Amino acid sequence: MINLKFKSLEVEGFQSIGKASIDFDNLGTCLIIGKNNSDSKVRSNGSGKSSLIISLIWCLFGSTPNGIKSEVVNTFYNKGCSVFIDFYVDDVNYKIRRSIKHKEYKTGLIILKNDEDISAKNKKDSNEIIKEILNIDQDLFLQLIFLSQGFSNRFAIYTPKVRKELLESLYNINDDLNKFCEKIKIKESENKNKYLEINNNKVRFESNEQNINNNIIQFNNNINELKSKINELNNTNTNITQDELNTYLNDIEELRKQYEDVTSKKTNLQLKINNLKNDINNLKSKNYTSSSKINELKSNQKSNVCPTCGQIITNASEHNHNIDKQIKMIEIDINETNDVIINLNSKLDIMDKKLISFNDIMNTISNNINSLNNVYQTKLKEYNIQLEKEANVLSLKNQIKQFKDLVDSNTKSLNDCKIKLKEAEKELEKVIENLDVISNIIRLSGNQFKAYLLEDIINQLNIELEELSKSLFDNRIIKISCDNKLDILLDDKYYEQLSGGEQRKCDIGLIIAQRKLAQKMKSVSSNILIMDEIFDGLDDVSFNIVLDLLSDEMQDVEDNIIISHRNIEEIPFDHKIEVIKNKNNISEVNFY
């Protein structure tokens, strides 16, 4: 449901109008009358009273109901043309200004949505934006909001054949049918594409099914081969354990500790031997020094010169006696040192023998270590072979598990594939059924289907006309008949055979019926209804009948705007607008 609520209208330089504005809030029933002071031969015709409202239609759609687009500028006004509308669509505010050669606004089209400019770069695209905002075209707008005898006569005055074409056009039967056919063809194309897609999927599922079956067979063959390999490996069992290897390692470690202990003792002994040899050498060096000292002392006995001060010794015998004493003391020391050397050499011999013993022990331990290590390496090699075999067996078992998982997974995929294959087959049957239905619809969607649509619209109009006829005529009913042409009848009399007053009342019935049907079909409501010269050609009795009918039928509208050149002061109105065309060909608008 689209709700149009017009707030205000500002007009400047449109057709005969100079400058005017209408506030639609709380307008109620408003009577627009006119006076033409520029032509004494007419009263209100040409005053511009219709122009005031037609400007609203021009602002929205870019043309008047008569199809005038740019020739709307009042050349006597000299300021150009501008029409501004403030309105709501549901709860969204829109403002539109359409202008031609205006001094301030130039030539252009401005669209505001909640005060944000949404205008396009060119007028054509901006007009499309307005169509999207209103969601109705100009013809439908005229049926819903702008009721005019002149507009109705576009339908009634034509030949019956043209009326049929016009009715088809008014309710967009051809457009709707073309759109429907386009949608059906799109559906047909979609279903054909869907058929291809589903059929391709079906072929793919069948191929997948075969591939999965082949995979399951291959996986089971792989499982049997792996089991055979496990049996072969299990027939070559060995009994070497890690504990047995650890025993060898512990024995080897123990021998290495013994070897290290003997090595440590040998090192300590070697250190003692070296120290002892150093001591012997030091003692020998000491004796050598002592022997040199003795030779030096003996040399001094032969000289009578003091070796210290260089003076001649006067008491030579005493001097020599002292030297002899020193020599004897040194000789005693040498002898003692030699005894120590002999004792140390004896110890050294004992230590050398012990060192040889350590070497023999170390060689024995080393041989034992090598022997045990050779045995350990042999056992380790066998043990590693055993571990490798066990790892191979475990690996083969894991491979078997993986293949079993693959068999399970492929079995599940196979079941899913079979389900999808059945679903695809069912979908194919459904799509084929849809294509058959669509093919039949396409076959029927030509003139036959268009006839159904037109027949339905005429039936709806006749329902409305039958109800309206009860108010417009005593016992006669307005009816539309359609075969190859469209006739308007009042009972059994054709429209063309009716009097002028009867035709006017038929026109009004058609106007109201078309409006009600358009409301139902398009779900559009508006706060204003404009009736332009709708009472023309009616006598007083018919006028009162039509007035009562309109009062009943138009209660859903907040503001009723009535444009008329006849005296209808008896209508209870809330406001009145007087449009006076002055001698300068510019109409001024007064609001009461």
# chains A, B, ... in the order shown; residues from 1 in each chain; ligands from 1
$ residues_around --residues "Arg98 of chain A" --least-positions-apart "4" --cutoff "9 Å" --atoms "only C-alpha atoms" --output "PyMOL selection string"
chain A and resi 58-60+62+81-85+105+107-111
$ residues_around --residues "Val92 of chain A" --least-positions-apart "6" --cutoff "10 Å" --atoms "only C-alpha atoms" --output "list in words"
Leu4, Lys5, Lys113, Asn114 and Ile133 of chain A
$ write_last_selection --atoms "N, CA and C atoms" --output "compact mmCIF listing (two decimals), in the first residue's frame"
# COMPACT_ATOMS: atom_id res chain seq x y z
N LEU A 4 0.11 8.48 -0.54
CA LEU A 4 0.60 9.78 -0.99
C LEU A 4 -0.06 10.87 -0.14
N LYS A 5 0.75 11.72 0.45
CA LYS A 5 0.21 12.83 1.25
C LYS A 5 0.86 14.13 0.78
N LYS A 113 15.05 14.19 -1.02
CA LYS A 113 14.50 13.12 -0.18
C LYS A 113 14.96 13.38 1.24
N ASN A 114 14.00 13.72 2.11
CA ASN A 114 14.35 14.13 3.48
C ASN A 114 15.44 15.19 3.46
N ILE A 133 9.63 6.81 -7.15
CA ILE A 133 9.11 7.33 -5.88
C ILE A 133 7.60 7.13 -5.81
$ atom_distance --atom1 "atom CA of Leu472 of chain A" --atom2 "atom CA of Val546 of chain A"
6.8 Å
$ residues_around --residues "Ile534 of chain A" --least-positions-apart "4" --cutoff "8 Å" --atoms "only C-alpha atoms" --output "CSV table (one decimal) with N, CA, C and O atoms, in the first residue's frame"
chain,number,residue,atom,x,y,z
A,147,LEU,N,-9.8,13.7,-11.2
A,147,LEU,CA,-11.0,13.3,-12.0
A,147,LEU,C,-11.5,14.4,-12.8
A,147,LEU,O,-11.8,15.5,-12.3
A,148,SER,N,-11.6,14.2,-14.1
A,148,SER,CA,-12.0,15.2,-15.0
A,148,SER,C,-13.0,14.7,-16.1
A,148,SER,O,-12.8,13.6,-16.6
A,149,GLN,N,-14.0,15.5,-16.3
A,149,GLN,CA,-14.9,15.1,-17.4
A,149,GLN,C,-14.1,15.0,-18.7
A,149,GLN,O,-14.3,14.1,-19.5
A,508,ILE,N,-19.4,10.1,-15.2
A,508,ILE,CA,-19.1,10.1,-13.8
A,508,ILE,C,-19.0,8.7,-13.2
A,508,ILE,O,-18.1,8.4,-12.4
A,563,ILE,N,-13.1,22.0,-9.0
A,563,ILE,CA,-13.0,23.1,-9.9
A,563,ILE,C,-14.2,23.1,-10.8
A,563,ILE,O,-14.6,22.1,-11.4
A,564,SER,N,-14.8,24.3,-10.8
A,564,SER,CA,-16.1,24.4,-11.6
A,564,SER,C,-16.3,25.9,-12.0
A,564,SER,O,-15.9,26.8,-11.3
$ select_by_dssp --residues "segment 101-270 of chain A" --states "strand (DSSP E or B)" --output "PDB file with C-alpha atoms, in the first residue's frame"
ATOM      1  CA  LYS A 101      13.669  29.585 -17.970  1.00  0.00           C
ATOM      2  CA  HIS A 102      13.124  30.807 -14.410  1.00  0.00           C
ATOM      3  CA  LYS A 106      16.780  28.385 -14.452  1.00  0.00           C
ATOM      4  CA  THR A 107      15.643  25.265 -16.330  1.00  0.00           C
ATOM      5  CA  GLY A 108      15.937  22.137 -14.285  1.00  0.00           C
ATOM      6  CA  LEU A 109      14.484  19.430 -12.062  1.00  0.00           C
ATOM      7  CA  ILE A 110      15.465  19.119  -8.411  1.00  0.00           C
ATOM      8  CA  ILE A 111      14.435  16.184  -6.169  1.00  0.00           C
ATOM      9  CA  LEU A 112      14.991  16.157  -2.405  1.00  0.00           C
ATOM     10  CA  LYS A 113      14.497  13.124  -0.178  1.00  0.00           C
ATOM     11  CA  GLU A 116      18.941  15.344   0.684  1.00  0.00           C
ATOM     12  CA  ASP A 117      19.407  16.024  -3.020  1.00  0.00           C
ATOM     13  CA  PHE A 146      -7.417  14.033 -10.864  1.00  0.00           C
ATOM     14  CA  LEU A 147     -10.983  13.282 -11.957  1.00  0.00           C
ATOM     15  CA  SER A 148     -12.000  15.245 -15.005  1.00  0.00           C
TER      16      SER A 148
END
$ closest_residue --among "A:Lys479, A:Lys69, A:Lys298, A:Lys583" --to "His321 of chain A" --atoms "only C-alpha atoms"
A:Lys298
$ closest_residue --among "A:Ile54, A:Ile184, A:Ile356, A:Ile280" --to "Thr337 of chain A" --atoms "only C-alpha atoms"
A:Ile280
$ residues_around --residues "segment 206-212 of chain A" --least-positions-apart "3" --cutoff "6 Å" --atoms "only C-alpha atoms" --output "PyMOL selection string"
chain A and resi 203+215+414
$ residues_around --residues "segment 255-261 of chain A" --least-positions-apart "3" --cutoff "10 Å" --atoms "only C-alpha atoms" --output "list in words"
Leu249, Asn250, Asp251, Ile252, Ser264, Lys265, Lys266, Thr267, Phe358, Ile361, Met362, Asn363, Thr364, Ile365, Ser366, Asn367, Asn368, Ile369 and Leu372 of chain A
$ decode --residues "segment 106-132 of chain A" --atoms "N, CA, C and O atoms" --output "CSV table (one decimal), in the first residue's frame"
chain,number,residue,atom,x,y,z
A,106,LYS,N,16.4,28.8,-13.1
A,106,LYS,CA,16.8,28.4,-14.5
A,106,LYS,C,15.8,27.3,-15.0
A,106,LYS,O,14.7,27.2,-14.6
A,107,THR,N,16.4,26.4,-15.8
A,107,THR,CA,15.6,25.3,-16.3
A,107,THR,C,16.2,24.0,-15.7
A,107,THR,O,17.4,23.7,-15.8
A,108,GLY,N,15.4,23.3,-15.0
A,108,GLY,CA,15.9,22.1,-14.3
A,108,GLY,C,14.9,21.4,-13.5
A,108,GLY,O,13.7,21.7,-13.5
A,109,LEU,N,15.3,20.3,-12.9
A,109,LEU,CA,14.5,19.4,-12.1
A,109,LEU,C,15.3,19.0,-10.8
A,109,LEU,O,16.3,18.3,-11.0
A,110,ILE,N,14.8,19.4,-9.7
A,110,ILE,CA,15.5,19.1,-8.4
A,110,ILE,C,14.6,18.2,-7.6
A,110,ILE,O,13.4,18.5,-7.4
A,111,ILE,N,15.2,17.1,-7.0
A,111,ILE,CA,14.4,16.2,-6.2
A,111,ILE,C,15.2,16.1,-4.8
A,111,ILE,O,16.4,15.8,-4.8
A,112,LEU,N,14.4,16.3,-3.8
A,112,LEU,CA,15.0,16.2,-2.4
A,112,LEU,C,14.3,15.0,-1.7
A,112,LEU,O,13.0,14.9,-1.7
A,113,LYS,N,15.0,14.2,-1.0
A,113,LYS,CA,14.5,13.1,-0.2
A,113,LYS,C,15.0,13.4,1.2
A,113,LYS,O,16.2,13.3,1.5
A,114,ASN,N,14.0,13.7,2.1
A,114,ASN,CA,14.3,14.1,3.5
A,114,ASN,C,15.4,15.2,3.5
A,114,ASN,O,16.4,15.1,4.2
A,115,ASP,N,15.3,16.2,2.5
A,115,ASP,CA,16.1,17.3,2.4
A,115,ASP,C,17.5,17.0,1.8
A,115,ASP,O,18.4,17.8,1.8
A,116,GLU,N,17.7,15.7,1.3
A,116,GLU,CA,18.9,15.3,0.7
A,116,GLU,C,18.7,15.3,-0.8
A,116,GLU,O,17.7,14.7,-1.3
A,117,ASP,N,19.6,15.9,-1.6
A,117,ASP,CA,19.4,16.0,-3.0
A,117,ASP,C,19.7,14.7,-3.7
A,117,ASP,O,20.8,14.1,-3.5
A,118,ILE,N,18.7,14.1,-4.3
A,118,ILE,CA,18.8,12.8,-5.0
A,118,ILE,C,18.6,12.9,-6.5
A,118,ILE,O,18.4,11.9,-7.2
A,119,SER,N,18.7,14.2,-7.0
A,119,SER,CA,18.5,14.4,-8.4
A,119,SER,C,19.5,13.7,-9.2
A,119,SER,O,20.7,13.5,-8.8
A,120,ALA,N,19.1,13.3,-10.4
A,120,ALA,CA,20.1,12.7,-11.4
A,120,ALA,C,20.8,13.8,-12.1
A,120,ALA,O,20.5,15.0,-12.0
A,121,LYS,N,21.8,13.4,-12.9
A,121,LYS,CA,22.6,14.4,-13.7
A,121,LYS,C,21.8,15.0,-14.9
A,121,LYS,O,22.1,16.1,-15.3
A,122,ASN,N,20.8,14.3,-15.3
A,122,ASN,CA,20.0,14.8,-16.4
A,122,ASN,C,18.5,14.6,-16.1
A,122,ASN,O,18.1,13.9,-15.2
A,123,LYS,N,17.6,15.4,-16.8
A,123,LYS,CA,16.2,15.4,-16.5
A,123,LYS,C,15.6,14.0,-16.8
A,123,LYS,O,14.7,13.6,-16.0
A,124,LYS,N,16.0,13.3,-17.8
A,124,LYS,CA,15.4,12.0,-18.1
A,124,LYS,C,15.6,11.1,-16.9
A,124,LYS,O,14.6,10.4,-16.5
A,125,ASP,N,16.8,11.0,-16.4
A,125,ASP,CA,17.0,10.1,-15.3
A,125,ASP,C,16.3,10.6,-14.0
A,125,ASP,O,15.8,9.8,-13.2
A,126,SER,N,16.2,11.9,-13.8
A,126,SER,CA,15.4,12.4,-12.7
A,126,SER,C,13.9,12.1,-12.8
A,126,SER,O,13.3,11.8,-11.8
A,127,ASN,N,13.4,12.1,-14.0
A,127,ASN,CA,12.0,11.7,-14.2
A,127,ASN,C,11.8,10.2,-13.8
A,127,ASN,O,10.8,9.8,-13.3
A,128,GLU,N,12.8,9.4,-14.1
A,128,GLU,CA,12.7,8.0,-13.7
A,128,GLU,C,12.7,7.8,-12.2
A,128,GLU,O,12.0,7.0,-11.7
A,129,ILE,N,13.5,8.7,-11.5
A,129,ILE,CA,13.5,8.7,-10.1
A,129,ILE,C,12.2,9.0,-9.5
A,129,ILE,O,11.7,8.3,-8.6
A,130,ILE,N,11.5,10.0,-10.1
A,130,ILE,CA,10.1,10.4,-9.6
A,130,ILE,C,9.2,9.2,-9.8
A,130,ILE,O,8.3,8.9,-9.0
A,131,LYS,N,9.3,8.5,-11.0
A,131,LYS,CA,8.4,7.4,-11.2
A,131,LYS,C,8.6,6.3,-10.2
A,131,LYS,O,7.6,5.7,-9.7
A,132,GLU,N,9.9,6.1,-9.8
A,132,GLU,CA,10.1,5.1,-8.8
A,132,GLU,C,9.6,5.5,-7.4
A,132,GLU,O,9.1,4.7,-6.6
